[in-house]
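*Asks:* For reference, this is my_file-v4.csv, and it has CSV, C-alpha atoms.
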chain,number,residue,atom,x,y,z
A,1,MET,CA,-3.5,12.9,-8.4
A,2,GLY,CA,-2.5,9.3,-8.5
A,3,THR,CA,-5.0,6.5,-7.7
A,4,GLY,CA,-3.8,3.2,-6.2
A,5,SER,CA,-4.7,-0.1,-7.8
A,6,GLY,CA,-8.1,-1.1,-6.6
A,7,ALA,CA,-8.4,2.1,-4.6
A,8,THR,CA,-11.6,4.0,-4.1
A,9,THR,CA,-12.1,7.3,-5.8
A,10,GLY,CA,-9.6,9.9,-4.5
A,11,VAL,CA,-10.6,12.6,-2.1
A,12,ASN,CA,-11.3,16.1,-3.4
A,13,PRO,CA,-9.1,18.4,-1.3
A,14,ALA,CA,-11.1,20.3,1.2
A,15,PRO,CA,-10.5,23.9,2.1
A,16,SER,CA,-8.0,24.6,4.9
A,17,PRO,CA,-9.7,25.0,8.3
A,18,THR,CA,-10.6,28.6,9.1
A,19,GLY,CA,-7.7,30.4,10.7
A,20,ALA,CA,-5.1,27.8,9.6
A,21,ASN,CA,-2.0,29.5,8.3
A,22,PRO,CA,0.0,27.4,5.9
A,23,THR,CA,3.7,26.7,6.7
A,24,PRO,CA,5.6,29.6,5.3
A,25,THR,CA,8.2,29.0,2.6
A,26,PRO,CA,11.8,29.2,4.0
A,27,THR,CA,13.4,32.5,3.2
A,28,GLY,CA,15.2,32.5,-0.2
A,29,VAL,CA,13.7,29.2,-1.3
A,30,ASN,CA,11.5,29.1,-4.4
A,31,PRO,CA,9.8,25.7,-4.2
A,32,SER,CA,9.0,23.8,-7.3
A,33,PRO,CA,5.4,22.8,-8.0
A,34,SER,CA,4.3,19.8,-6.1
A,35,PRO,CA,5.4,16.6,-8.0
A,36,THR,CA,2.8,14.2,-9.1
A,37,PRO,CA,2.1,11.7,-6.3
A,38,PRO,CA,3.1,8.1,-7.0
A,39,SER,CA,0.5,5.4,-7.0
A,40,ASN,CA,-0.3,4.4,-3.4
A,41,THR,CA,1.6,1.2,-2.4
A,42,ALA,CA,1.2,-0.9,0.6
A,43,ALA,CA,4.5,-0.6,2.2
A,44,ALA,CA,6.8,1.9,0.5
A,45,ILE,CA,7.7,5.6,0.3
A,46,GLN,CA,9.5,6.6,-2.9
A,47,GLY,CA,10.6,3.0,-3.4
A,48,CYS,CA,11.7,2.6,0.2
A,49,PRO,CA,9.8,-0.2,2.0
A,50,MET,CA,8.7,0.8,5.5
A,51,PHE,CA,10.1,-2.0,7.7
A,52,PRO,CA,8.8,-5.2,6.0
A,53,GLY,CA,8.4,-8.4,7.9
A,54,THR,CA,11.0,-11.2,7.5
A,55,ALA,CA,8.9,-13.0,4.9
A,56,GLY,CA,9.4,-10.1,2.4
A,57,GLY,CA,6.6,-8.5,0.4
A,58,SER,CA,4.0,-11.0,1.6
A,59,SER,CA,4.5,-10.1,5.2
A,60,GLY,CA,3.4,-6.8,6.7
A,61,GLY,CA,5.7,-6.7,9.7
A,62,TRP,CA,4.6,-4.5,12.6
A,63,PHE,CA,3.1,-1.7,10.5
A,64,HIS,CA,1.5,-3.2,7.3
A,65,THR,CA,-0.2,-6.3,8.7
A,66,ASN,CA,-4.0,-6.3,8.2
A,67,VAL,CA,-5.3,-7.1,11.7
A,68,ALA,CA,-9.0,-6.9,10.9
A,69,ALA,CA,-9.5,-10.5,12.0
A,70,ALA,CA,-6.7,-10.7,14.6
A,71,PRO,CA,-7.8,-11.9,18.1
A,72,MET,CA,-8.2,-9.4,20.9
A,73,ASP,CA,-5.7,-9.1,23.7
A,74,SER,CA,-6.9,-11.0,26.8
A,75,ASN,CA,-6.9,-7.7,28.7
A,76,SER,CA,-8.6,-5.7,26.0
A,77,ASN,CA,-11.8,-5.0,27.8
A,78,ALA,CA,-9.9,-4.0,31.0
A,79,TYR,CA,-7.5,-1.7,29.0
A,80,ILE,CA,-10.4,0.1,27.3
A,81,LYS,CA,-12.4,0.4,30.6
A,82,ALA,CA,-9.3,1.9,32.3
A,83,TYR,CA,-8.8,4.5,29.6
A,84,ALA,CA,-12.5,5.4,29.5
A,85,ASP,CA,-12.5,5.7,33.3
A,86,VAL,CA,-10.2,8.7,32.9
A,87,SER,CA,-11.3,10.1,29.5
A,88,ASN,CA,-13.7,9.2,26.7
A,89,ALA,CA,-12.7,12.1,24.5
A,90,GLY,CA,-12.9,11.8,20.7
A,91,PHE,CA,-10.1,11.6,18.2
A,92,TYR,CA,-8.9,14.2,15.7
A,93,ILE,CA,-6.0,15.3,13.5
A,94,TRP,CA,-4.0,18.4,14.2
A,95,SER,CA,-3.5,19.4,10.6
A,96,PRO,CA,-2.5,23.1,10.6
A,97,ALA,CA,0.6,22.3,12.6
A,98,ALA,CA,1.5,18.9,11.1
A,99,ALA,CA,5.1,17.7,10.8
A,100,TYR,CA,6.8,17.2,7.4
A,101,VAL,CA,8.2,14.0,5.9
A,102,ASN,CA,11.3,15.2,4.0
A,103,ILE,CA,12.5,13.1,1.0
A,104,VAL,CA,16.1,13.7,-0.1
A,105,SER,CA,18.7,12.3,-2.4
A,106,ALA,CA,22.4,11.4,-2.4
A,107,SER,CA,23.4,15.0,-3.1
A,108,THR,CA,21.8,16.4,0.1
A,109,PRO,CA,24.5,17.5,2.5
A,110,LEU,CA,24.8,15.8,5.9
A,111,LEU,CA,25.1,18.0,9.0
A,112,PRO,CA,26.2,16.7,12.4
A,113,ILE,CA,24.1,16.6,15.6
A,114,SER,CA,26.2,18.8,17.9
A,115,SER,CA,24.2,18.2,21.0
A,116,SER,CA,21.4,16.0,22.3
A,117,ARG,CA,19.7,16.3,25.7
A,118,SER,CA,18.7,12.7,25.6
A,119,GLN,CA,21.6,10.6,24.2
A,120,VAL,CA,20.8,7.3,22.6
A,121,ARG,CA,23.1,4.5,21.7
A,122,TYR,CA,23.7,5.5,18.1
A,123,SER,CA,23.9,9.3,18.6
A,124,PRO,CA,25.6,11.6,17.7
A,125,TRP,CA,25.4,11.3,13.9
A,126,SER,CA,24.7,13.4,10.9
A,127,MET,CA,21.4,14.2,9.3
A,128,PRO,CA,20.6,15.5,5.8
A,129,TRP,CA,19.7,19.1,5.3
A,130,GLY,CA,19.0,20.8,2.0
A,131,LEU,CA,16.8,20.5,-1.0
A,132,GLN,CA,14.3,17.7,-1.2
A,133,THR,CA,13.8,15.6,-4.4
A,134,GLY,CA,10.8,17.7,-5.2
A,135,GLY,CA,12.9,20.9,-5.2
A,136,ALA,CA,11.7,22.5,-1.9
A,137,MET,CA,13.9,23.1,1.1
A,138,ALA,CA,13.8,20.6,4.0
A,139,GLN,CA,11.4,21.6,6.8
A,140,ILE,CA,11.4,21.1,10.6
A,141,GLU,CA,8.0,21.2,12.4
A,142,SER,CA,7.5,24.4,14.3
A,143,SER,CA,8.5,23.9,17.9
A,144,THR,CA,6.0,26.6,19.0
A,145,GLY,CA,3.3,24.6,20.7
A,146,ASN,CA,4.6,21.4,19.0
A,147,ASP,CA,7.6,19.1,19.3
A,148,GLY,CA,9.9,20.3,16.6
A,149,HIS,CA,9.9,17.0,14.8
A,150,TYR,CA,12.4,16.5,11.9
A,151,GLN,CA,11.7,13.4,9.7
A,152,VAL,CA,13.9,12.8,6.7
A,153,LEU,CA,14.3,9.8,4.3
A,154,THR,CA,17.0,9.4,1.8
A,155,THR,CA,16.1,7.5,-1.4
A,156,ALA,CA,19.7,7.0,-2.6
A,157,GLU,CA,23.1,6.1,-1.0
A,158,ASN,CA,24.9,9.1,0.4
A,159,GLY,CA,28.5,8.3,1.1
A,160,THR,CA,28.5,5.6,3.8
A,161,ILE,CA,24.8,6.1,4.4
A,162,PRO,CA,22.7,3.4,2.6
A,163,SER,CA,19.6,4.3,0.6
A,164,CYS,CA,16.3,4.1,2.5
A,165,THR,CA,17.9,5.5,5.7
A,166,LEU,CA,15.3,7.3,7.9
A,167,TRP,CA,16.2,9.8,10.6
A,168,GLU,CA,13.8,11.3,13.1
A,169,ALA,CA,14.5,13.8,15.8
A,170,GLY,CA,12.4,15.7,18.4
A,171,TYR,CA,12.8,19.4,19.3
A,172,ALA,CA,15.3,19.7,16.4
A,173,VAL,CA,16.9,23.0,15.6
A,174,ASN,CA,19.1,23.7,12.6
A,175,SER,CA,21.9,26.3,13.1
A,176,GLY,CA,23.0,26.3,9.5
A,177,SER,CA,26.0,24.1,10.2
A,178,SER,CA,24.7,21.5,12.7
A,179,PHE,CA,21.6,20.3,14.5
A,180,THR,CA,20.7,20.3,18.2
A,181,VAL,CA,18.0,17.8,19.2
A,182,TYR,CA,16.3,16.5,22.3
A,183,SER,CA,16.5,12.9,21.1
A,184,SER,CA,16.8,11.1,17.7
A,185,GLY,CA,16.7,7.8,15.9
A,186,ARG,CA,18.1,6.4,12.7
A,187,TRP,CA,16.9,3.2,10.9
A,188,ASN,CA,17.3,1.3,7.6
A,189,THR,CA,13.7,1.0,6.5
A,190,ARG,CA,14.5,-2.0,4.1
A,191,VAL,CA,14.8,-4.4,7.1
A,192,PRO,CA,12.3,-5.4,9.7
A,193,PHE,CA,11.8,-2.9,12.5
A,194,SER,CA,13.8,-3.7,15.6
A,195,PRO,CA,12.1,-2.1,18.7
A,196,THR,CA,15.2,-2.6,20.8
A,197,LEU,CA,17.8,-1.1,18.4
A,198,GLN,CA,17.6,2.4,19.7
A,199,GLY,CA,17.1,1.4,23.3
A,200,GLY,CA,14.7,4.2,24.2
A,201,SER,CA,12.8,7.2,23.0
A,202,THR,CA,13.6,8.8,19.6
A,203,ALA,CA,11.4,11.5,18.0
A,204,ASP,CA,8.6,10.2,20.2
A,205,ALA,CA,8.4,8.6,23.6
A,206,SER,CA,7.9,5.0,22.5
A,207,GLY,CA,10.7,4.9,19.9
A,208,ILE,CA,8.3,3.8,17.1
A,209,PRO,CA,9.2,5.6,13.8
A,210,LEU,CA,6.6,8.3,13.1
A,211,THR,CA,7.1,8.1,9.4
A,212,ALA,CA,5.9,4.5,9.3
A,213,LEU,CA,2.6,5.5,11.0
A,214,THR,CA,1.8,9.0,9.7
A,215,ILE,CA,-1.1,9.8,7.4
A,216,ARG,CA,0.3,11.4,4.2
A,217,PRO,CA,-1.4,13.6,1.6
A,218,GLU,CA,-0.9,11.2,-1.3
A,219,GLU,CA,-2.6,8.4,0.7
A,220,LEU,CA,-5.8,10.5,1.1
A,221,ALA,CA,-5.6,11.5,-2.6
A,222,SER,CA,-5.4,7.8,-3.6
A,223,GLY,CA,-8.2,6.8,-1.3
A,224,VAL,CA,-6.3,4.1,0.6
A,225,ILE,CA,-4.1,3.9,3.7
A,226,ASN,CA,-2.3,0.6,3.9
A,227,HIS,CA,-0.6,0.8,7.3
A,228,ALA,CA,-1.2,1.2,11.0
A,229,LEU,CA,-1.7,4.8,12.2
A,230,GLY,CA,0.0,6.6,15.1
A,231,TRP,CA,-2.0,7.6,18.2
A,232,SER,CA,-0.8,10.2,20.6
A,233,ALA,CA,-2.9,9.6,23.7
A,234,ILE,CA,-4.1,12.0,26.4
A,235,GLY,CA,-1.5,12.3,29.1
A,236,CYS,CA,1.4,14.1,30.7
A,237,GLU,CA,-0.6,17.3,31.3
A,238,LYS,CA,-3.6,16.9,33.6
A,239,GLN,CA,-4.5,13.3,33.5
A,240,MET,CA,-3.0,9.9,32.4
A,241,PRO,CA,-5.4,7.2,31.1
A,242,PHE,CA,-2.8,4.5,30.5
A,243,ASN,CA,0.4,3.2,32.2
A,244,PRO,CA,3.4,5.0,30.7
A,245,ALA,CA,5.9,3.1,32.9
A,246,ILE,CA,5.4,-0.2,31.0
A,247,SER,CA,5.5,-1.1,27.3
A,248,VAL,CA,4.7,-3.8,24.8
A,249,LEU,CA,6.3,-4.3,21.4
A,250,PRO,CA,6.9,-2.5,19.1
A,251,SER,CA,7.5,0.2,21.7
A,252,ALA,CA,11.0,0.5,23.2
A,253,THR,CA,11.3,-0.5,26.9
A,254,MET,CA,9.9,2.2,29.2
A,255,SER,CA,11.2,2.5,32.7
A,256,ALA,CA,9.3,5.6,33.9
A,257,GLY,CA,6.6,8.0,32.8
A,258,CYS,CA,5.8,11.7,33.3
A,259,MET,CA,2.9,10.8,35.6
A,260,ARG,CA,1.1,7.7,37.0
A,261,TYR,CA,-2.2,6.4,35.8
A,262,SER,CA,-4.8,8.7,37.2
A,263,GLY,CA,-7.8,6.3,37.2
A,264,PRO,CA,-9.2,4.0,39.9
A,265,SER,CA,-6.6,1.9,41.7
A,266,GLY,CA,-8.3,-1.4,40.7
A,267,ASP,CA,-8.1,-0.7,37.0
A,268,THR,CA,-5.7,-2.4,34.5
A,269,PRO,CA,-4.4,0.5,32.3
A,270,MET,CA,-2.9,-0.3,28.9
A,271,PRO,CA,0.9,0.1,28.3
A,272,TYR,CA,2.9,2.1,25.7
A,273,GLY,CA,2.9,0.5,22.3
A,274,SER,CA,-0.7,-0.8,22.7
A,275,HIS,CA,-2.3,-1.6,19.3
A,276,ILE,CA,-5.9,-0.5,19.1
A,277,ARG,CA,-8.3,-1.5,16.3
A,278,LEU,CA,-11.6,0.2,15.6
A,279,LYS,CA,-14.6,-2.2,15.9
A,280,ALA,CA,-15.9,-3.5,12.6
A,281,SER,CA,-19.4,-2.4,13.7
A,282,PHE,CA,-18.5,1.2,13.8
A,283,ASN,CA,-20.8,3.1,11.5
A,284,ASP,CA,-19.2,5.9,9.4
A,285,ALA,CA,-22.2,6.6,7.2
A,286,GLY,CA,-22.4,10.3,6.5
A,287,PHE,CA,-18.6,10.8,7.1
A,288,THR,CA,-16.6,12.8,4.6
A,289,PRO,CA,-14.5,10.7,2.2
A,290,ALA,CA,-11.3,11.5,4.0
A,291,ALA,CA,-12.7,10.5,7.4
A,292,GLN,CA,-14.0,7.2,5.8
A,293,ILE,CA,-10.5,6.4,4.5
A,294,ILE,CA,-9.1,6.9,8.0
A,295,VAL,CA,-11.9,4.8,9.6
A,296,THR,CA,-11.2,2.0,7.2
A,297,ALA,CA,-7.5,2.1,8.1
A,298,LEU,CA,-8.3,2.0,11.8
A,299,LYS,CA,-10.5,-1.1,11.2
A,300,GLN,CA,-8.0,-2.9,9.0
A,301,TYR,CA,-4.6,-1.8,10.5
A,302,GLY,CA,-5.4,-0.1,13.8
A,303,ALA,CA,-3.2,2.5,15.6
A,304,TYR,CA,-0.3,2.3,17.9
A,305,LEU,CA,0.0,4.3,21.1
A,306,PHE,CA,3.3,6.0,20.5
A,307,ASP,CA,3.2,9.2,22.6
A,308,THR,CA,1.2,11.5,24.7
A,309,GLY,CA,-0.2,15.1,24.5
A,310,CYS,CA,-3.2,17.2,25.2
A,311,CYS,CA,-5.7,15.0,23.3
A,312,ASN,CA,-6.4,11.8,21.3
A,313,VAL,CA,-4.5,12.8,18.1
A,314,LEU,CA,-3.9,10.6,15.0
A,315,ASP,CA,-0.6,11.6,13.5
A,316,ALA,CA,-0.5,13.2,10.0
A,317,SER,CA,2.2,14.9,8.0
A,318,ASN,CA,2.8,17.2,5.1
A,319,ASP,CA,5.3,16.1,2.4
A,320,GLN,CA,6.4,17.2,-1.1
A,321,TYR,CA,3.1,15.9,-2.5
A,322,GLY,CA,1.1,18.5,-0.6
A,323,SER,CA,-0.4,19.7,2.6
A,324,ILE,CA,-2.4,17.5,4.9
A,325,SER,CA,-4.7,20.5,5.5
A,326,ASN,CA,-6.0,20.2,1.9
A,327,TYR,CA,-7.7,17.0,3.1
A,328,ILE,CA,-8.3,17.4,6.8
A,329,ASN,CA,-10.7,20.2,7.6
A,330,ALA,CA,-13.1,21.0,10.4
A,331,THR,CA,-15.8,18.7,9.1
A,332,VAL,CA,-13.3,15.7,8.9
A,333,ASN,CA,-12.3,16.4,12.5
A,334,GLN,CA,-15.9,16.6,13.6
A,335,ASN,CA,-16.4,13.1,12.1
A,336,LEU,CA,-13.3,11.7,13.8
A,337,ASN,CA,-14.3,13.3,17.1
A,338,THR,CA,-17.3,11.0,17.3
A,339,ILE,CA,-14.9,8.1,17.6
A,340,VAL,CA,-14.0,7.4,21.3
A,341,ILE,CA,-11.9,4.8,23.0
A,342,LYS,CA,-14.9,2.5,23.7
A,343,ASP,CA,-15.2,2.0,19.9
A,344,PHE,CA,-11.9,0.1,19.9
A,345,ASP,CA,-10.5,-3.3,20.9
A,346,VAL,CA,-6.8,-3.9,21.8
A,347,ILE,CA,-4.8,-6.5,19.9
A,348,SER,CA,-2.0,-8.4,21.6
A,349,PRO,CA,1.5,-7.9,20.3
A,350,GLN,CA,1.9,-11.4,18.9
A,351,ASN,CA,-1.2,-10.8,16.7
A,352,SER,CA,0.2,-7.4,15.4
A,353,ASN,CA,3.2,-8.6,13.5
A,354,ALA,CA,3.1,-11.0,10.5
A,355,PRO,CA,5.8,-12.4,11.0
A,356,ASN,CA,8.9,-10.6,12.2
Hey, can you dump this file as structure tokens for me?
*Replies:*
Amino acid sequence: MGTGSGATTGVNPAPSPTGANPTPTPTGVNPSPSPTPPSNTAAAIQGCPMFPGTAGGSSGGWFHTNVAAAPMDSNSNAYIKAYADVSNAGFYIWSPAAAYVNIVSASTPLLPISSSRSQVRYSPWSMPWGLQTGGAMAQIESSTGNDGHYQVLTTAENGTIPSCTLWEAGYAVNSGSSFTVYSSGRWNTRVPFSPTLQGGSTADASGIPLTALTIRPEELASGVINHALGWSAIGCEKQMPFNPAISVLPSATMSAGCMRYSGPSGDTPMPYGSHIRLKASFNDAGFTPAAQIIVTALKQYGAYLFDTGCCNVLDASNDQYGSISNYINATVNQNLNTIVIKDFDVISPQNSNAPN
């Protein structure tokens, strides 16, 4: 396993949680052994920067800016109170059913999106489908109890598609010759992230790219996560602890939500795109190494509210370097579940981006 420069000792993979079934190998595919993970870098996947700021490598943009010392939003206390008035549930990672970050090359075929239930400005288009650079077949997250996410990054120019193009889709289905999706997005990750480019939801409700936020196996192996995390908040099922009808950058503009804020009428609920940061005083003594790595990232880079679901979930993905379940087990989730919304502050958008 690779170790990043200045990183803490890597995590010894933990056993998969009891009852977790690993993602089956696609029929007829003989995957190659997992390639050696690269050294952990601050803002790149396989040489592709993840939406840098306009100042280049010295600027973190929306996702790689260290916000440990950033001022709180003027409404931070009110936002946190409103959320806690509805739910003070802990956080966790849904590792057995994690999505997959697919990394492909110029030789990977492009298949068209034949239909989309939620058209966006730049759809329809084609997405890669085939072997990844590590030799295994591309994978779509199971849509059984999940959102059928398909995340794919090309590391080399493919016809008219430039290198470091990222596609993400929700409820994606591959027929063998085309895709159907609920919604989708496409970005050049070499340039600063433009929240208004897609004009709405992509693979998630906020339109924020999941790949830029997700926790990946090689990061936990190296001991360092150098980017903001993704937070899927409680909502759209039985209760709504924030206001889904409004948004702040880097979320796309939201005009409606699945349900209204369900707390007291005098509360000030936080909007989509809110950037939370774990308080520096939070004590993670006794946590597992993997949980401590995540706690450090939450203190230094925070997490963006990008979607809703049953629970307070931090997004994590599998990739060609391994399964996230090798690092996230029941003990790690027990640690994370002691973290509640009252342990966070909210950062204002102008303090989240350096500069863009």
*Asks:* Per residue of range 174-278 of chain A within 12 Å of range 288-307 of chain A, note the shortest atom pair and the distance in Å to one decimal, counting only C-alpha atoms, and order the rows by chain and increasing residue number, as CSV.
*Replies:*
residue,atom,partner,partner_atom,distance
A:Ser201,CA,A:Asp307,CA,9.8
A:Thr202,CA,A:Phe306,CA,10.7
A:Ala203,CA,A:Asp307,CA,9.7
A:Asp204,CA,A:Asp307,CA,6.0
A:Ala205,CA,A:Asp307,CA,5.3
A:Ser206,CA,A:Phe306,CA,5.1
A:Gly207,CA,A:Phe306,CA,7.5
A:Ile208,CA,A:Phe306,CA,6.4
A:Pro209,CA,A:Phe306,CA,8.9
A:Leu210,CA,A:Phe306,CA,8.4
A:Thr211,CA,A:Phe306,CA,11.9
A:Ala212,CA,A:Tyr304,CA,10.8
A:Leu213,CA,A:Ala303,CA,8.0
A:Thr214,CA,A:Ala303,CA,10.1
A:Ile215,CA,A:Ile294,CA,8.5
A:Arg216,CA,A:Ile294,CA,11.1
A:Pro217,CA,A:Ala290,CA,10.4
A:Glu218,CA,A:Ala290,CA,11.7
A:Glu219,CA,A:Ile293,CA,9.0
A:Leu220,CA,A:Ala290,CA,6.3
A:Ala221,CA,A:Ala290,CA,8.7
A:Ser222,CA,A:Ile293,CA,9.7
A:Gly223,CA,A:Ile293,CA,6.3
A:Val224,CA,A:Ile293,CA,6.2
A:Ile225,CA,A:Ala297,CA,5.8
A:Asn226,CA,A:Ala297,CA,6.9
A:His227,CA,A:Tyr301,CA,5.7
A:Ala228,CA,A:Tyr301,CA,4.6
A:Leu229,CA,A:Ala303,CA,4.4
A:Gly230,CA,A:Tyr304,CA,5.1
A:Trp231,CA,A:Leu305,CA,4.8
A:Ser232,CA,A:Asp307,CA,4.6
A:Ala233,CA,A:Asp307,CA,6.2
A:Ile234,CA,A:Asp307,CA,8.7
A:Gly235,CA,A:Asp307,CA,8.6
A:Cys236,CA,A:Asp307,CA,9.6
A:Met240,CA,A:Asp307,CA,11.6
A:Pro241,CA,A:Leu305,CA,11.7
A:Phe242,CA,A:Leu305,CA,9.8
A:Asn243,CA,A:Leu305,CA,11.2
A:Pro244,CA,A:Asp307,CA,9.1
A:Ser247,CA,A:Leu305,CA,9.9
A:Val248,CA,A:Leu305,CA,10.1
A:Leu249,CA,A:Tyr304,CA,10.0
A:Pro250,CA,A:Tyr304,CA,8.7
A:Ser251,CA,A:Phe306,CA,7.3
A:Ala252,CA,A:Phe306,CA,9.8
A:Met254,CA,A:Phe306,CA,11.6
A:Gly257,CA,A:Asp307,CA,10.8
A:Cys258,CA,A:Asp307,CA,11.3
A:Met270,CA,A:Leu305,CA,9.5
A:Pro271,CA,A:Leu305,CA,8.4
A:Tyr272,CA,A:Leu305,CA,5.9
A:Gly273,CA,A:Leu305,CA,4.9
A:Ser274,CA,A:Leu305,CA,5.4
A:His275,CA,A:Tyr304,CA,4.6
A:Ile276,CA,A:Gly302,CA,5.3
A:Arg277,CA,A:Gly302,CA,4.1
A:Leu278,CA,A:Lys299,CA,4.7
*Asks:* Show me, as a ChimeraX atom specification, the residues that have an atom within 7 Å of Asp319 in chain A when counting only C-alpha atoms, minus same-chain residues fewer than 4 positions from it.
*Replies:* /A:100-102,323
*Asks:* At a cut-off of 9 Å, using only C-alpha atoms, what residues contact Gly170 in chain A? Leave out same-chain residues fewer than 2 positions from it and give the result as a PyMOL selection string.
*Replies:* chain A and resi 147-150+168+172+181-184+202-204
*Asks:* Counting all atoms listed in the file, what is within 8 Å of range 173-177 of chain A, bar same-chain residues fewer than 2 positions away, as a list in words?
*Replies:*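 Contacts, in chain order: Leu111, Pro112, Ile140, Gly148, Tyr171, Phe179, Thr180 and Val181 of chain A.
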*Asks:* Using Å and a single decimal, report how far CA of Ile45 in chain A sits from CA of Pro109 in chain A.
*Replies:*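 So the answer is 20.7 Å.
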*Asks:* Using all atoms listed in the file, find the one residue out of A:Thr268, A:Ser325, A:Thr155, A:Asn353 that sits nearest to Ala44 in chain A.
*Replies:* A:Thr155
*Asks:* Between CA of Ser95 in chain A and CA of Gly322 in chain A, what distance in Å does the model show, to one decimal?
*Replies:*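 Value for the CA of Ser95 in chain A-CA of Gly322 in chain A distance: 12.1 Å.
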*Asks:* Please report the interatomic distance between CA of Asn351 in chain A and CA of Ala316 in chain A in Å with one decimal.
*Replies:*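 About the pair CA of Asn351 in chain A and CA of Ala316 in chain A: they are 24.9 Å apart.
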*Asks:* I need the residue nearest Phe63 in chain A from this list: A:Pro192, A:Pro264, A:Gly309, A:Gly47. Use only C-alpha atoms for the distance.
*Replies:*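 Smallest separation from Phe63 in chain A among the options: A:Pro192.
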*Asks:* Quick one: residues within 10 Å of Pro269 in chain A, all atoms listed in the file counted, chain neighbours fewer than 4 positions away excluded, as a PDB file with C-alpha atoms, in the coordinates of the input?
*Replies:*
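Listing of part-v5.pdb after writing:
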ATOM      1  CA  ASN A  75      -6.900  -7.700  28.700  1.00  0.00           C
ATOM      2  CA  SER A  76      -8.600  -5.700  26.000  1.00  0.00           C
ATOM      3  CA  ALA A  78      -9.900  -4.000  31.000  1.00  0.00           C
ATOM      4  CA  TYR A  79      -7.500  -1.700  29.000  1.00  0.00           C
ATOM      5  CA  ILE A  80     -10.400   0.100  27.300  1.00  0.00           C
ATOM      6  CA  LYS A  81     -12.400   0.400  30.600  1.00  0.00           C
ATOM      7  CA  ALA A  82      -9.300   1.900  32.300  1.00  0.00           C
ATOM      8  CA  TYR A  83      -8.800   4.500  29.600  1.00  0.00           C
ATOM      9  CA  ALA A  84     -12.500   5.400  29.500  1.00  0.00           C
ATOM     10  CA  ASP A  85     -12.500   5.700  33.300  1.00  0.00           C
ATOM     11  CA  MET A 240      -3.000   9.900  32.400  1.00  0.00           C
ATOM     12  CA  PRO A 241      -5.400   7.200  31.100  1.00  0.00           C
ATOM     13  CA  PHE A 242      -2.800   4.500  30.500  1.00  0.00           C
ATOM     14  CA  ASN A 243       0.400   3.200  32.200  1.00  0.00           C
ATOM     15  CA  PRO A 244       3.400   5.000  30.700  1.00  0.00           C
ATOM     16  CA  ILE A 246       5.400  -0.200  31.000  1.00  0.00           C
ATOM     17  CA  TYR A 261      -2.200   6.400  35.800  1.00  0.00           C
ATOM     18  CA  SER A 262      -4.800   8.700  37.200  1.00  0.00           C
ATOM     19  CA  GLY A 263      -7.800   6.300  37.200  1.00  0.00           C
ATOM     20  CA  PRO A 264      -9.200   4.000  39.900  1.00  0.00           C
ATOM     21  CA  SER A 265      -6.600   1.900  41.700  1.00  0.00           C
TER      22      SER A 265
END
*Asks:* Taking into account all atoms listed in the file, which residue in the set A:Leu110, A:Ser194, A:Asn337, A:Ala280 is nearest to Ala69 in chain A?
*Replies:*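 Comparing A:Leu110, A:Ser194, A:Asn337, A:Ala280 against Ala69 in chain A, the winner is A:Ala280.
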*Asks:* Could I see range 279-289 of chain A restored to N, CA and C atoms, set down as an mmCIF file, in the coordinates of the input?
*Replies:*
data_model
loop_
_atom_site.group_PDB
_atom_site.id
_atom_site.type_symbol
_atom_site.label_atom_id
_atom_site.label_comp_id
_atom_site.auth_asym_id
_atom_site.auth_seq_id
_atom_site.Cartn_x
_atom_site.Cartn_y
_atom_site.Cartn_z
ATOM 1 N N LYS A 279 -13.649 -1.100 16.062
ATOM 2 C CA LYS A 279 -14.600 -2.200 15.900
ATOM 3 C C LYS A 279 -15.194 -2.192 14.491
ATOM 4 N N ALA A 280 -15.349 -3.373 13.922
ATOM 5 C CA ALA A 280 -15.900 -3.500 12.600
ATOM 6 C C ALA A 280 -17.327 -2.938 12.509
ATOM 7 N N SER A 281 -18.006 -2.913 13.631
ATOM 8 C CA SER A 281 -19.400 -2.400 13.700
ATOM 9 C C SER A 281 -19.516 -0.931 13.675
ATOM 10 N N PHE A 282 -18.412 -0.218 13.793
ATOM 11 C CA PHE A 282 -18.500 1.200 13.800
ATOM 12 C C PHE A 282 -19.078 1.764 12.534
ATOM 13 N N ASN A 283 -20.084 2.613 12.624
ATOM 14 C CA ASN A 283 -20.800 3.100 11.500
ATOM 15 C C ASN A 283 -20.299 4.497 11.064
ATOM 16 N N ASP A 284 -19.696 4.596 9.874
ATOM 17 C CA ASP A 284 -19.200 5.900 9.400
ATOM 18 C C ASP A 284 -20.065 6.455 8.282
ATOM 19 N N ALA A 285 -21.304 6.001 8.179
ATOM 20 C CA ALA A 285 -22.200 6.600 7.200
ATOM 21 C C ALA A 285 -22.381 8.055 7.433
ATOM 22 N N GLY A 286 -22.267 8.842 6.379
ATOM 23 C CA GLY A 286 -22.400 10.300 6.500
ATOM 24 C C GLY A 286 -21.043 10.978 6.741
ATOM 25 N N PHE A 287 -19.975 10.214 6.980
ATOM 26 C CA PHE A 287 -18.600 10.800 7.100
ATOM 27 C C PHE A 287 -18.142 11.322 5.782
ATOM 28 N N THR A 288 -17.244 12.278 5.823
ATOM 29 C CA THR A 288 -16.600 12.800 4.600
ATOM 30 C C THR A 288 -15.710 11.639 4.041
ATOM 31 N N PRO A 289 -15.376 11.696 2.740
ATOM 32 C CA PRO A 289 -14.500 10.700 2.200
ATOM 33 C C PRO A 289 -13.183 10.506 2.909
#
